[in-house]
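S.K.: Shown below is the structure under consideration.
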Amino acid sequence: MGVRSAGVLDRSSRLAPHDHVAWCGDGAAGFLRLAGQVFATAADGERLVLVGDLDRLSADASELFADQVERGRLRMVDVGEAYRPLLEGGAGSAAGQLDAFRRDLDTALAAGWSGLRVAADNTAVLTGTDELERRWLAWEQLTDRWQSLMPVTGVCYFDRRRVPAQRLGRVAGLHPLCGGITGPPLRVYHDTDPAGPTVLVLDGAVEAFDEDRLRELLRTEVAQAADQPGGAAVTVDLGRVTYLHHRGLQALHDAGVRVTNAPGIVRRLNDLLPDADRLRLD
């Protein structure tokens with residue numbers, strides 16, 4: 001296992017580069033309070049970015065963060081502008097969104113900043129269509145891999161009064177850290193691996209009803225990994241799995257992924273399968 005933090009946070013928790021958080025709160029005021037805490041605990045060298053509906057936030061945010069804005073440390077971006085490639089959709093929209101984030105990071109590093117610390121109210125995205133939610137979840141999966149490797153701290157805020165609970169659960173399950181919400185029974189995120197750039201971590205219980213979701217996550221992971229330089233193979237870390245239904249085992253097999261840190265019960269279950277159905281375990 002690598003170095004990323006995972007679990008449930010409270011407001012007093014201090015964040016560090018590579019942290020990727022889903023936070024659920026109440027309204028725009030809740031977001032500004034959270035952003036204030038996130039920015040107040042930032043390292044001196046981090047460039048700060050606030051993303052949200054600036055028509056609703058601009059006056060309050062400008063007053064709250066006036067000093068940081070005047071010093072040129074804080075940049076405020078409207079949510080529609082920040083996620084333009086993703087919102088416009090089309091083939092490769094997640095990859096186009098990642099290219100935009102890479103440019104933002106490269107610009108910050110070239111200017112002498114040590115990295116980015118982003119607080120983003122992404123509520124508007126998850127109040128959209130089912131198709132937009134699907135694109136957003138694929139984006140969360142892609143950017144989580146990137147953030148596990150880059151000097152970026154990202155906090156994704158969602159207004160629980162506007163986003164349906166099922167959607168909140170799905171998006172929280174793609175972050176290693178969450179706050180303001182009970183930790184989902186299964187979280188899927190990335191971590192560093194001494195043997196390669198990243199691994200996909202399954203953290204929690206994989207129940208029978210998780211099969212469809214797990215298959216979709218694995219399809220997305222394999223497709224995204226194929227787009228990386230060299231077409232890296234996908235490794236799934238089971239070291240934090242507390243339960244794995246045999247349907248989850250079959251989903252992992254069908255995806256053709258490499259599996260590491262499998263607990264003993266998974267290894268014994270795997271040994272009972274026909275040779276053609278067994279996982280590749282390290």
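Order determines the names: the first chain of the structure tokens is A, the second B, and so forth; residues in each chain are numbered 1 upward, and ligands are numbered 1 upward as they are shown.
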Could you please write out, as an MDAnalysis selection string, every residue of segment 85-230 of chain A that DSSP assigns to strand (DSSP E)?
M.R.: chainID A and resid 115:121 152:159 177:179 186:193 196:206
S.K.: I need the chosen residues saved as a tab-separated table (two decimals), in the first residue's frame, with N, CA and C atoms.
M.R.:
```tsv
chain	number	residue	atom	x	y	z
A	115	GLY	N	2.27	23.49	-5.66
A	115	GLY	CA	1.17	22.64	-6.10
A	115	GLY	C	-0.14	23.40	-6.03
A	116	LEU	N	-1.24	22.68	-6.22
A	116	LEU	CA	-2.57	23.26	-6.19
A	116	LEU	C	-3.37	22.72	-5.01
A	117	ARG	N	-4.17	23.62	-4.41
A	117	ARG	CA	-5.15	23.20	-3.41
A	117	ARG	C	-6.50	23.76	-3.88
A	118	VAL	N	-7.42	22.84	-4.20
A	118	VAL	CA	-8.67	23.22	-4.85
A	118	VAL	C	-9.85	22.89	-3.94
A	119	ALA	N	-10.73	23.87	-3.74
A	119	ALA	CA	-12.01	23.63	-3.08
A	119	ALA	C	-13.09	23.94	-4.12
A	120	ALA	N	-13.87	22.93	-4.47
A	120	ALA	CA	-14.82	23.07	-5.58
A	120	ALA	C	-16.22	22.66	-5.16
A	121	ASP	N	-17.17	23.59	-5.34
A	121	ASP	CA	-18.58	23.25	-5.13
A	121	ASP	C	-19.10	22.69	-6.45
A	152	VAL	N	-1.38	17.87	-5.79
A	152	VAL	CA	-2.71	18.47	-5.83
A	152	VAL	C	-3.51	17.97	-4.63
A	153	THR	N	-4.18	18.90	-3.96
A	153	THR	CA	-5.14	18.58	-2.91
A	153	THR	C	-6.50	19.02	-3.40
A	154	GLY	N	-7.44	18.09	-3.50
A	154	GLY	CA	-8.74	18.42	-4.07
A	154	GLY	C	-9.89	18.09	-3.12
A	155	VAL	N	-10.75	19.08	-2.88
A	155	VAL	CA	-11.94	18.89	-2.05
A	155	VAL	C	-13.17	19.16	-2.91
A	156	CYS	N	-13.98	18.13	-3.12
A	156	CYS	CA	-15.21	18.22	-3.91
A	156	CYS	C	-16.39	18.35	-2.94
A	157	TYR	N	-17.09	19.47	-3.02
A	157	TYR	CA	-18.21	19.73	-2.12
A	157	TYR	C	-19.52	19.50	-2.87
A	158	PHE	N	-20.50	18.92	-2.15
A	158	PHE	CA	-21.83	18.69	-2.71
A	158	PHE	C	-22.87	19.08	-1.68
A	159	ASP	N	-23.86	19.84	-2.12
A	159	ASP	CA	-24.94	20.30	-1.25
A	159	ASP	C	-25.96	19.16	-1.11
A	177	LEU	N	-11.18	9.89	0.72
A	177	LEU	CA	-11.57	10.60	1.94
A	177	LEU	C	-12.96	11.20	1.76
A	178	CYS	N	-13.75	11.20	2.82
A	178	CYS	CA	-15.06	11.84	2.75
A	178	CYS	C	-15.37	12.49	4.10
A	179	GLY	N	-16.25	13.47	4.06
A	179	GLY	CA	-16.65	14.18	5.27
A	179	GLY	C	-18.08	14.65	5.12
A	186	LEU	N	-18.41	0.69	0.42
A	186	LEU	CA	-17.32	0.36	-0.50
A	186	LEU	C	-16.81	1.65	-1.13
A	187	ARG	N	-15.50	1.87	-0.98
A	187	ARG	CA	-14.85	2.99	-1.66
A	187	ARG	C	-13.82	2.42	-2.64
A	188	VAL	N	-13.71	3.08	-3.78
A	188	VAL	CA	-12.78	2.66	-4.83
A	188	VAL	C	-11.95	3.87	-5.20
A	189	TYR	N	-10.63	3.76	-5.04
A	189	TYR	CA	-9.75	4.90	-5.29
A	189	TYR	C	-8.37	4.39	-5.65
A	190	HIS	N	-7.44	5.30	-5.92
A	190	HIS	CA	-6.10	4.93	-6.35
A	190	HIS	C	-5.08	5.20	-5.25
A	191	ASP	N	-4.00	4.43	-5.31
A	191	ASP	CA	-2.88	4.67	-4.41
A	191	ASP	C	-1.60	4.35	-5.17
A	192	THR	N	-0.49	4.82	-4.64
A	192	THR	CA	0.79	4.56	-5.28
A	192	THR	C	1.24	3.15	-4.97
A	193	ASP	N	2.07	2.61	-5.84
A	193	ASP	CA	2.56	1.24	-5.71
A	193	ASP	C	4.04	1.23	-6.07
A	196	GLY	N	4.78	0.09	-9.55
A	196	GLY	CA	4.20	0.77	-10.71
A	196	GLY	C	3.61	2.08	-10.30
A	197	PRO	N	3.01	2.81	-11.24
A	197	PRO	CA	2.53	4.16	-10.93
A	197	PRO	C	1.34	4.20	-9.97
A	198	THR	N	0.33	3.39	-10.19
A	198	THR	CA	-0.86	3.42	-9.33
A	198	THR	C	-1.48	2.04	-9.26
A	199	VAL	N	-2.26	1.82	-8.19
A	199	VAL	CA	-3.12	0.66	-8.10
A	199	VAL	C	-4.52	1.15	-7.78
A	200	LEU	N	-5.52	0.36	-8.16
A	200	LEU	CA	-6.90	0.65	-7.82
A	200	LEU	C	-7.22	-0.11	-6.54
A	201	VAL	N	-7.62	0.62	-5.51
A	201	VAL	CA	-7.88	0.03	-4.20
A	201	VAL	C	-9.38	-0.19	-4.01
A	202	LEU	N	-9.75	-1.41	-3.62
A	202	LEU	CA	-11.12	-1.68	-3.16
A	202	LEU	C	-11.08	-1.65	-1.64
A	203	ASP	N	-11.87	-0.77	-1.04
A	203	ASP	CA	-11.81	-0.53	0.41
A	203	ASP	C	-13.20	-0.73	0.99
A	204	GLY	N	-13.40	-1.84	1.70
A	204	GLY	CA	-14.70	-2.12	2.31
A	204	GLY	C	-15.27	-3.44	1.84
A	205	ALA	N	-16.58	-3.54	1.85
A	205	ALA	CA	-17.28	-4.79	1.52
A	205	ALA	C	-17.80	-4.75	0.09
A	206	VAL	N	-17.51	-5.80	-0.67
A	206	VAL	CA	-18.03	-5.95	-2.03
A	206	VAL	C	-19.16	-6.96	-1.96
```
S.K.: Closest to Ala16 of chain A among A:Val241, A:Met150, A:Val49, A:Leu105, using only C-alpha atoms?
M.R.: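 Among the listed residues, the smallest separation from Ala16 of chain A belongs to A:Met150.
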S.K.: Could you please write out, as number ranges by chain, every residue of segment 2-227 of chain A that DSSP assigns to helix (DSSP H, G or I)?
M.R.: A: 27-40, 54-64, 66-70, 79-82, 84-88, 93-110, 123-126, 130-149, 165-172, 208-226
S.K.: Neighbours of Leu34 of chain A within 9 Å (only C-alpha atoms; same-chain residues fewer than 3 positions away dropped), as a ChimeraX atom specification?
M.R.: /A:11,23,25,29-31,37-39,119,157
S.K.: My list of candidates is A:Glu88, A:Ala111, A:Thr260, A:Ala94. Which is closest to Arg73 of chain A when distances are computed with only C-alpha atoms?
M.R.: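 Smallest separation from Arg73 of chain A among the options: A:Ala111.
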S.K.: So which residues touch Ala28 of chain A within 12 Å, counting only C-alpha atoms, skipping near sequence neighbours fewer than 4 positions away, as a VMD selection string?
M.R.: chain A and resid 24 32 to 35 51 to 61 120 to 124 157 to 162
S.K.: Which distance in Å separates atom CA of Gln97 of chain A and atom CA of Val171 of chain A, to one decimal?
M.R.: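 Atom CA of Gln97 of chain A sits 17.5 Å away from atom CA of Val171 of chain A.
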S.K.: With distances taken over only C-alpha atoms, which residue among A:Arg14, A:Arg47, A:Arg134, A:His20 lies nearest Gly89 of chain A?
M.R.: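 Closest residue, counting only C-alpha atoms: A:Arg134.
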S.K.: Name the closest residue to Arg145 of chain A among the candidates A:Thr127, A:Gln166, A:Gln228, A:Ser93; distances are taken between atoms, counting only C-alpha atoms.
M.R.: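 With only C-alpha atoms as the atom set, the closest residue is A:Gln228.
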